[in-house]
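Step one of this worksheet: look at the structure below.
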Amino acid sequence: MGTQQNRIDANAVTKNANDMADVWADLRTAVRQPGLWGALAIAAGVLGLVGPFGTFDKIALLGRMAYWAAVVPATFWLGFVVFLSVATWGEARALPRWVVLALGSVLTSLPVAALLAGLHAVWFGAPLWADALRLLPYVLVITPAVVLLVDATQDEVVPPPTPLPDPSWLDRLPLHLGRDLILLRSEDHYLHVETAHGHAMIRGRLQEASEALEGHGMRIHRSMWVAHRALDRLRRQNGLPVLVLKDGRALHMGRTYVKAVRAALEGAA
């Protein structure tokens with residue numbers, strides 16, 4: 001019993017470590033996006049001119065511009081890390097995306113409101129907790145809007161793969177389906193096969209198939225493999241990784257496969 005519990009604890013520690021590694025990998029990717037920094041700069045400039053939350057009356061223009069130039073990136077990156085961590089946790093438990101969005105927005109809003117209230121306490125002498133409660137409803141509204149905006153601007157075009165000869169594994173497919181494989185989905189001891197000409201169920205294991213089809217596609221989930229030729233772009237929805245196919249379908253992507261897929265895409269670039 002003790003050995004089994006230790007194994008469970010070790011697996012949990014390993015999984016948490018992998019989740020955090022994925023969070024930091026996504027953070028490093030986001031930090032390297034000049035367009036995102038440009039959007040933050042524009043937002044800071046607009047807020048500096050408009051002066052919301054009483055800053056127009058309390059701070060002169062130059063001080064106000066400096067204030068929002070510090071506040072906007074600080075609150076954004078704090079919220080980004082928190083929401084990404086919540087999304088990772090929610091995905092591991094197969095939570096619906098709307099649940100992840102709602103839960104992530106609430107949990108992200110708490111530290112962001114606290115940070116803003118702390119800055120107000122230092123800058124204006126405002127009462128910390130009273131100001132945090134005053135700001136929280138505004139942050140709860142702004143946070144999901146920011147998440148959806150980031151999702152909408154984080155498309156990544158997948159580079160075309162290098163052509164390879166068809167693997168012999170494709171001989172297992174029924175003749176009427178042809179060899180233009182799109183995806184494989186594991187269902188117990190069978191594989192749901194989809195090609196450009198239709199669907200079928202064949203006996204087999206996804207691990208074996210993915211090894212035989214190496215170079216022609218990639219696993220995006222523990223139960224799904226997708227052909228390179230079917231991919232259109234990589235994006236995020238509600239903080240979760242999604243692959244969009246050329247036919248417009250968006251497929252949920254397991255976070256543990258994100259780094260491998262990203263490395264494959266970068267290698268093909």
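Residue numbering restarts at 1 for every chain of the structure tokens, chains are lettered A, B, ... in their displayed order, and ligands are numbered from 1 as they appear.
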
Find the spatial neighbours of Gly90 of chain A, counting only C-alpha atoms, within a cut-off of 12 Å - ignore same-chain residues fewer than 5 positions away - and output them as a compact mmCIF listing (two decimals) with C-alpha atoms, in the first residue's frame.
```txt
# COMPACT_ATOMS: atom_id res chain seq x y z
CA ASP A 19 2.64 21.29 -16.12
CA PHE A 83 -4.69 32.04 -16.03
CA LEU A 84 -2.29 29.74 -17.89
CA SER A 85 -1.72 27.77 -14.68
CA LEU A 95 -13.04 20.56 -17.69
CA PRO A 96 -15.20 22.26 -20.33
CA ARG A 97 -13.65 25.38 -21.80
CA TRP A 98 -16.36 27.68 -20.46
CA VAL A 99 -15.61 26.36 -16.97
CA VAL A 100 -11.89 27.02 -17.48
CA LEU A 101 -12.65 30.53 -18.71
CA ALA A 102 -14.94 31.31 -15.76
CA LEU A 103 -12.67 29.76 -13.14
CA GLY A 104 -9.54 31.26 -14.69
CA ASN A 238 -9.62 30.20 -23.47
CA GLY A 239 -6.00 29.59 -22.61
CA LEU A 240 -6.03 26.03 -23.95
CA GLY A 254 -3.16 17.73 -24.69
CA ARG A 255 -0.79 20.08 -22.91
```

Using only C-alpha atoms, determine which residues lie at most 9 Å from Arg229 of chain A, disregarding the query and same-chain residues fewer than 3 positions distant; provide the list as a list in words.
Pro160, Pro161, Asp180, Leu181, Ile182, His216, Gly217, Val226, Asp232 and Lys246 of chain A

Take the residues just selected and output them with N, CA, C and O atoms as a tab-separated table (two decimals), in the first residue's frame.
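Output contents, as saved in again.tsv:
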```tsv
chain	number	residue	atom	x	y	z
A	160	PRO	N	4.59	24.03	-44.12
A	160	PRO	CA	4.33	22.77	-44.83
A	160	PRO	C	5.41	21.74	-44.53
A	160	PRO	O	6.59	22.07	-44.48
A	161	PRO	N	5.02	20.49	-44.31
A	161	PRO	CA	6.00	19.46	-44.00
A	161	PRO	C	6.78	19.03	-45.25
A	161	PRO	O	6.33	19.22	-46.38
A	180	ASP	N	-4.99	9.04	-48.20
A	180	ASP	CA	-4.88	10.44	-47.75
A	180	ASP	C	-5.38	10.53	-46.31
A	180	ASP	O	-6.46	11.04	-46.02
A	181	LEU	N	-4.55	10.06	-45.38
A	181	LEU	CA	-4.93	9.98	-43.98
A	181	LEU	C	-5.01	11.37	-43.35
A	181	LEU	O	-4.14	12.21	-43.56
A	182	ILE	N	-6.08	11.60	-42.57
A	182	ILE	CA	-6.26	12.87	-41.88
A	182	ILE	C	-5.98	12.73	-40.40
A	182	ILE	O	-5.15	13.45	-39.84
A	216	HIS	N	5.03	11.81	-40.76
A	216	HIS	CA	3.83	12.13	-41.53
A	216	HIS	C	2.78	12.86	-40.71
A	216	HIS	O	1.78	13.31	-41.26
A	217	GLY	N	2.98	12.92	-39.41
A	217	GLY	CA	2.02	13.58	-38.54
A	217	GLY	C	2.52	13.59	-37.12
A	217	GLY	O	3.70	13.31	-36.85
A	226	VAL	N	-2.70	13.30	-35.75
A	226	VAL	CA	-3.16	14.11	-36.88
A	226	VAL	C	-2.05	14.19	-37.93
A	226	VAL	O	-0.88	14.38	-37.58
A	232	ASP	N	-3.73	23.30	-40.21
A	232	ASP	CA	-3.81	24.65	-40.76
A	232	ASP	C	-3.08	25.65	-39.87
A	232	ASP	O	-2.22	26.37	-40.32
A	246	LYS	N	-7.43	22.11	-41.74
A	246	LYS	CA	-7.73	22.86	-42.95
A	246	LYS	C	-9.21	22.87	-43.28
A	246	LYS	O	-9.68	23.75	-43.99
```

Report, in Å with one decimal, the straight-line distance from atom CA of Val106 of chain A to atom CA of Leu78 of chain A.
13.5 Å

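The list of residues with at least one atom within 6 Å of segment 43-48 of chain A, based on only C-alpha atoms and without residues fewer than 3 positions apart in the same chain, reads Leu40, Gly51, Arg64, Met65, Trp68, Ala69 and Val72 of chain A.
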
Selected residues written out with N, CA, C and O atoms, as a PDB file, in the first residue's frame:
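Result went into out-v8.pdb, see below:
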```pdb
ATOM      1  N   LEU A  40       0.369  46.073 -25.649  1.00  0.00           N
ATOM      2  CA  LEU A  40       0.445  46.549 -24.262  1.00  0.00           C
ATOM      3  C   LEU A  40       0.867  48.016 -24.218  1.00  0.00           C
ATOM      4  O   LEU A  40       0.349  48.800 -23.402  1.00  0.00           O
ATOM      5  N   GLY A  51      -6.988  58.242 -18.355  1.00  0.00           N
ATOM      6  CA  GLY A  51      -6.916  58.368 -16.901  1.00  0.00           C
ATOM      7  C   GLY A  51      -8.081  57.738 -16.159  1.00  0.00           C
ATOM      8  O   GLY A  51      -8.740  58.425 -15.354  1.00  0.00           O
ATOM      9  N   ARG A  64       0.994  60.157 -15.030  1.00  0.00           N
ATOM     10  CA  ARG A  64      -0.075  59.216 -15.380  1.00  0.00           C
ATOM     11  C   ARG A  64       0.389  58.249 -16.463  1.00  0.00           C
ATOM     12  O   ARG A  64       0.093  57.043 -16.417  1.00  0.00           O
ATOM     13  N   MET A  65       1.128  58.772 -17.441  1.00  0.00           N
ATOM     14  CA  MET A  65       1.660  57.900 -18.485  1.00  0.00           C
ATOM     15  C   MET A  65       2.632  56.878 -17.898  1.00  0.00           C
ATOM     16  O   MET A  65       2.617  55.702 -18.268  1.00  0.00           O
ATOM     17  N   TRP A  68       0.613  54.108 -15.874  1.00  0.00           N
ATOM     18  CA  TRP A  68      -0.021  53.072 -16.677  1.00  0.00           C
ATOM     19  C   TRP A  68       0.999  52.263 -17.467  1.00  0.00           C
ATOM     20  O   TRP A  68       0.764  51.080 -17.779  1.00  0.00           O
ATOM     21  N   ALA A  69       2.153  52.867 -17.777  1.00  0.00           N
ATOM     22  CA  ALA A  69       3.214  52.106 -18.443  1.00  0.00           C
ATOM     23  C   ALA A  69       3.747  51.001 -17.543  1.00  0.00           C
ATOM     24  O   ALA A  69       4.237  49.968 -18.028  1.00  0.00           O
ATOM     25  N   VAL A  72       0.055  48.378 -16.695  1.00  0.00           N
ATOM     26  CA  VAL A  72      -0.483  47.519 -17.761  1.00  0.00           C
ATOM     27  C   VAL A  72       0.343  46.247 -17.949  1.00  0.00           C
ATOM     28  O   VAL A  72      -0.210  45.136 -17.886  1.00  0.00           O
TER      29      VAL A  72
END
```

Residues near Leu245 of chain A, anyone? I mean within 8 Å using only C-alpha atoms, not counting same-chain ones fewer than 2 positions away, as a VMD selection string.
chain A and resid 230 to 233 243 247 to 251

Here atom CA of Tyr67 of chain A and atom CA of Trp123 of chain A stand apart by 9.3 Å

Could you write out, as a PDB file with N, CA and C atoms, in the first residue's frame, all the residues of segment 87-212 of chain A that DSSP marks as strand (DSSP E or B)?
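Everything below was put into out_9.pdb:
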```
ATOM      1  N   GLU A 156      -0.913  30.715 -35.215  1.00  0.00           N
ATOM      2  CA  GLU A 156       0.419  30.429 -35.746  1.00  0.00           C
ATOM      3  C   GLU A 156       0.260  29.518 -36.948  1.00  0.00           C
ATOM      4  N   VAL A 157       0.730  29.995 -38.091  1.00  0.00           N
ATOM      5  CA  VAL A 157       0.611  29.211 -39.313  1.00  0.00           C
ATOM      6  C   VAL A 157       1.595  28.052 -39.257  1.00  0.00           C
ATOM      7  N   LEU A 181      -4.550  10.059 -45.383  1.00  0.00           N
ATOM      8  CA  LEU A 181      -4.931   9.979 -43.978  1.00  0.00           C
ATOM      9  C   LEU A 181      -5.014  11.365 -43.351  1.00  0.00           C
ATOM     10  N   ILE A 182      -6.077  11.597 -42.568  1.00  0.00           N
ATOM     11  CA  ILE A 182      -6.259  12.874 -41.883  1.00  0.00           C
ATOM     12  C   ILE A 182      -5.984  12.726 -40.398  1.00  0.00           C
ATOM     13  N   LEU A 183      -6.664  11.780 -39.733  1.00  0.00           N
ATOM     14  CA  LEU A 183      -6.438  11.610 -38.304  1.00  0.00           C
ATOM     15  C   LEU A 183      -6.763  10.190 -37.862  1.00  0.00           C
ATOM     16  N   LEU A 184      -6.218   9.856 -36.708  1.00  0.00           N
ATOM     17  CA  LEU A 184      -6.498   8.599 -36.029  1.00  0.00           C
ATOM     18  C   LEU A 184      -6.940   8.912 -34.618  1.00  0.00           C
ATOM     19  N   ARG A 185      -7.981   8.210 -34.153  1.00  0.00           N
ATOM     20  CA  ARG A 185      -8.446   8.383 -32.779  1.00  0.00           C
ATOM     21  C   ARG A 185      -8.558   7.009 -32.127  1.00  0.00           C
ATOM     22  N   SER A 186      -7.932   6.871 -30.973  1.00  0.00           N
ATOM     23  CA  SER A 186      -7.925   5.596 -30.273  1.00  0.00           C
ATOM     24  C   SER A 186      -9.250   5.365 -29.565  1.00  0.00           C
ATOM     25  N   GLU A 187      -9.821   4.171 -29.753  1.00  0.00           N
ATOM     26  CA  GLU A 187     -11.056   3.764 -29.083  1.00  0.00           C
ATOM     27  C   GLU A 187     -10.895   2.315 -28.639  1.00  0.00           C
ATOM     28  N   TYR A 190      -9.232  -0.404 -30.803  1.00  0.00           N
ATOM     29  CA  TYR A 190      -9.445  -0.074 -32.211  1.00  0.00           C
ATOM     30  C   TYR A 190      -9.008   1.365 -32.485  1.00  0.00           C
ATOM     31  N   LEU A 191      -8.848   1.656 -33.756  1.00  0.00           N
ATOM     32  CA  LEU A 191      -8.532   3.003 -34.200  1.00  0.00           C
ATOM     33  C   LEU A 191      -9.645   3.502 -35.111  1.00  0.00           C
ATOM     34  N   HIS A 192     -10.158   4.670 -34.781  1.00  0.00           N
ATOM     35  CA  HIS A 192     -11.086   5.347 -35.692  1.00  0.00           C
ATOM     36  C   HIS A 192     -10.232   6.076 -36.717  1.00  0.00           C
ATOM     37  N   VAL A 193     -10.345   5.666 -37.961  1.00  0.00           N
ATOM     38  CA  VAL A 193      -9.521   6.199 -39.043  1.00  0.00           C
ATOM     39  C   VAL A 193     -10.351   7.160 -39.876  1.00  0.00           C
ATOM     40  N   GLU A 194      -9.756   8.312 -40.199  1.00  0.00           N
ATOM     41  CA  GLU A 194     -10.426   9.268 -41.084  1.00  0.00           C
ATOM     42  C   GLU A 194      -9.485   9.650 -42.208  1.00  0.00           C
ATOM     43  N   THR A 195      -9.968   9.520 -43.436  1.00  0.00           N
ATOM     44  CA  THR A 195      -9.220   9.971 -44.606  1.00  0.00           C
ATOM     45  C   THR A 195     -10.084  10.976 -45.373  1.00  0.00           C
ATOM     46  N   GLY A 198     -13.488   9.212 -46.241  1.00  0.00           N
ATOM     47  CA  GLY A 198     -14.448   8.644 -45.311  1.00  0.00           C
ATOM     48  C   GLY A 198     -13.829   8.178 -44.008  1.00  0.00           C
ATOM     49  N   HIS A 199     -14.598   7.345 -43.283  1.00  0.00           N
ATOM     50  CA  HIS A 199     -14.215   6.872 -41.960  1.00  0.00           C
ATOM     51  C   HIS A 199     -14.270   5.348 -41.912  1.00  0.00           C
ATOM     52  N   ALA A 200     -13.524   4.791 -40.955  1.00  0.00           N
ATOM     53  CA  ALA A 200     -13.585   3.348 -40.722  1.00  0.00           C
ATOM     54  C   ALA A 200     -12.985   3.049 -39.360  1.00  0.00           C
ATOM     55  N   MET A 201     -13.288   1.851 -38.850  1.00  0.00           N
ATOM     56  CA  MET A 201     -12.688   1.354 -37.618  1.00  0.00           C
ATOM     57  C   MET A 201     -11.785   0.182 -37.980  1.00  0.00           C
ATOM     58  N   ILE A 202     -10.545   0.233 -37.527  1.00  0.00           N
ATOM     59  CA  ILE A 202      -9.638  -0.889 -37.746  1.00  0.00           C
ATOM     60  C   ILE A 202      -9.012  -1.261 -36.405  1.00  0.00           C
ATOM     61  N   ARG A 203      -8.576  -2.478 -36.300  1.00  0.00           N
ATOM     62  CA  ARG A 203      -7.958  -2.923 -35.059  1.00  0.00           C
ATOM     63  C   ARG A 203      -6.505  -2.433 -35.021  1.00  0.00           C
TER      64      ARG A 203
END
```

His197 of chain A environment, 12 Å, only C-alpha atoms, sequence neighbours closer than 5 positions dropped, as a PyMOL selection string:
chain A and resi 173-182

Output N, CA and C atoms for every residue in the selection just made, as a CSV table (one decimal), in the first residue's frame.
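What landed in selection-v5.csv:
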```csv
chain,number,residue,atom,x,y,z
A,173,LEU,N,-5.3,0.3,-44.3
A,173,LEU,CA,-6.6,1.0,-44.5
A,173,LEU,C,-7.4,0.3,-45.6
A,174,PRO,N,-8.8,0.3,-45.4
A,174,PRO,CA,-9.6,-0.2,-46.4
A,174,PRO,C,-9.4,0.5,-47.8
A,175,LEU,N,-9.5,-0.2,-48.9
A,175,LEU,CA,-9.2,0.3,-50.2
A,175,LEU,C,-10.0,1.5,-50.5
A,176,HIS,N,-11.3,1.5,-50.1
A,176,HIS,CA,-12.2,2.6,-50.5
A,176,HIS,C,-11.9,3.9,-49.8
A,177,LEU,N,-11.0,3.9,-48.8
A,177,LEU,CA,-10.7,5.1,-48.0
A,177,LEU,C,-9.4,5.8,-48.7
A,178,GLY,N,-8.7,5.1,-49.5
A,178,GLY,CA,-7.5,5.7,-50.1
A,178,GLY,C,-6.4,5.8,-49.1
A,179,ARG,N,-5.4,6.6,-49.3
A,179,ARG,CA,-4.3,6.7,-48.4
A,179,ARG,C,-4.0,8.1,-47.9
A,180,ASP,N,-5.0,9.0,-48.2
A,180,ASP,CA,-4.9,10.4,-47.7
A,180,ASP,C,-5.4,10.5,-46.3
A,181,LEU,N,-4.6,10.1,-45.4
A,181,LEU,CA,-4.9,10.0,-44.0
A,181,LEU,C,-5.0,11.4,-43.4
A,182,ILE,N,-6.1,11.6,-42.6
A,182,ILE,CA,-6.3,12.9,-41.9
A,182,ILE,C,-6.0,12.7,-40.4
```

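If you look at atom CA of Val122 of chain A and atom CA of Leu49 of chain A, they are 21.4 Å away from each other.
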
Mind checking which residues fall within 10 Å of segment 126-132 of chain A, counting only C-alpha atoms, ignoring those fewer than 6 positions away in the same chain, and posting them as a VMD selection string?
chain A and resid 110 to 120 139

Can I get the selection written as a PDB file, in the first residue's frame, with N, CA, C and O atoms?
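Final output, again-v5.pdb:
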```pdb
ATOM      1  N   LEU A 110      -8.369  37.950  -8.767  1.00  0.00           N
ATOM      2  CA  LEU A 110      -8.028  38.183  -7.361  1.00  0.00           C
ATOM      3  C   LEU A 110      -6.630  38.763  -7.187  1.00  0.00           C
ATOM      4  O   LEU A 110      -6.468  39.825  -6.563  1.00  0.00           O
ATOM      5  N   PRO A 111      -5.559  38.118  -7.711  1.00  0.00           N
ATOM      6  CA  PRO A 111      -4.232  38.723  -7.535  1.00  0.00           C
ATOM      7  C   PRO A 111      -4.057  40.019  -8.315  1.00  0.00           C
ATOM      8  O   PRO A 111      -3.321  40.909  -7.869  1.00  0.00           O
ATOM      9  N   VAL A 112      -4.722  40.143  -9.472  1.00  0.00           N
ATOM     10  CA  VAL A 112      -4.607  41.386 -10.239  1.00  0.00           C
ATOM     11  C   VAL A 112      -5.232  42.547  -9.471  1.00  0.00           C
ATOM     12  O   VAL A 112      -4.647  43.638  -9.377  1.00  0.00           O
ATOM     13  N   ALA A 113      -6.424  42.324  -8.901  1.00  0.00           N
ATOM     14  CA  ALA A 113      -7.069  43.374  -8.095  1.00  0.00           C
ATOM     15  C   ALA A 113      -6.220  43.703  -6.877  1.00  0.00           C
ATOM     16  O   ALA A 113      -6.096  44.878  -6.489  1.00  0.00           O
ATOM     17  N   ALA A 114      -5.615  42.678  -6.264  1.00  0.00           N
ATOM     18  CA  ALA A 114      -4.763  42.918  -5.099  1.00  0.00           C
ATOM     19  C   ALA A 114      -3.531  43.736  -5.482  1.00  0.00           C
ATOM     20  O   ALA A 114      -3.108  44.638  -4.737  1.00  0.00           O
ATOM     21  N   LEU A 115      -2.941  43.435  -6.638  1.00  0.00           N
ATOM     22  CA  LEU A 115      -1.779  44.201  -7.102  1.00  0.00           C
ATOM     23  C   LEU A 115      -2.145  45.654  -7.350  1.00  0.00           C
ATOM     24  O   LEU A 115      -1.420  46.580  -6.935  1.00  0.00           O
ATOM     25  N   LEU A 116      -3.279  45.884  -8.021  1.00  0.00           N
ATOM     26  CA  LEU A 116      -3.724  47.253  -8.277  1.00  0.00           C
ATOM     27  C   LEU A 116      -3.991  47.999  -6.978  1.00  0.00           C
ATOM     28  O   LEU A 116      -3.606  49.169  -6.819  1.00  0.00           O
ATOM     29  N   ALA A 117      -4.637  47.320  -6.036  1.00  0.00           N
ATOM     30  CA  ALA A 117      -4.928  47.954  -4.756  1.00  0.00           C
ATOM     31  C   ALA A 117      -3.634  48.284  -4.010  1.00  0.00           C
ATOM     32  O   ALA A 117      -3.529  49.333  -3.354  1.00  0.00           O
ATOM     33  N   GLY A 118      -2.641  47.412  -4.102  1.00  0.00           N
ATOM     34  CA  GLY A 118      -1.352  47.693  -3.471  1.00  0.00           C
ATOM     35  C   GLY A 118      -0.681  48.917  -4.069  1.00  0.00           C
ATOM     36  O   GLY A 118      -0.128  49.756  -3.340  1.00  0.00           O
ATOM     37  N   LEU A 119      -0.735  49.025  -5.409  1.00  0.00           N
ATOM     38  CA  LEU A 119      -0.170  50.202  -6.061  1.00  0.00           C
ATOM     39  C   LEU A 119      -0.914  51.467  -5.651  1.00  0.00           C
ATOM     40  O   LEU A 119      -0.297  52.526  -5.421  1.00  0.00           O
ATOM     41  N   HIS A 120      -2.241  51.380  -5.556  1.00  0.00           N
ATOM     42  CA  HIS A 120      -3.033  52.543  -5.127  1.00  0.00           C
ATOM     43  C   HIS A 120      -2.725  52.920  -3.686  1.00  0.00           C
ATOM     44  O   HIS A 120      -2.714  54.105  -3.336  1.00  0.00           O
ATOM     45  N   VAL A 139     -12.169  44.343 -12.677  1.00  0.00           N
ATOM     46  CA  VAL A 139     -11.183  43.362 -13.155  1.00  0.00           C
ATOM     47  C   VAL A 139     -11.882  42.096 -13.631  1.00  0.00           C
ATOM     48  O   VAL A 139     -11.468  41.467 -14.609  1.00  0.00           O
TER      49      VAL A 139
END
```

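The closest residue to Val81 of chain A, picked from A:Thr108, A:Gln207, A:Gln237, A:Gln33 and counting only C-alpha atoms, is A:Thr108.
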
Would you return as a ChimeraX atom specification the members of segment 36-264 of chain A that DSSP assigns to helix (DSSP H, G or I) on this structure's backbone?
/A:36-50,55-58,61-92,97-124,128-152,168-172,175-177,206-212,228-230,255-264
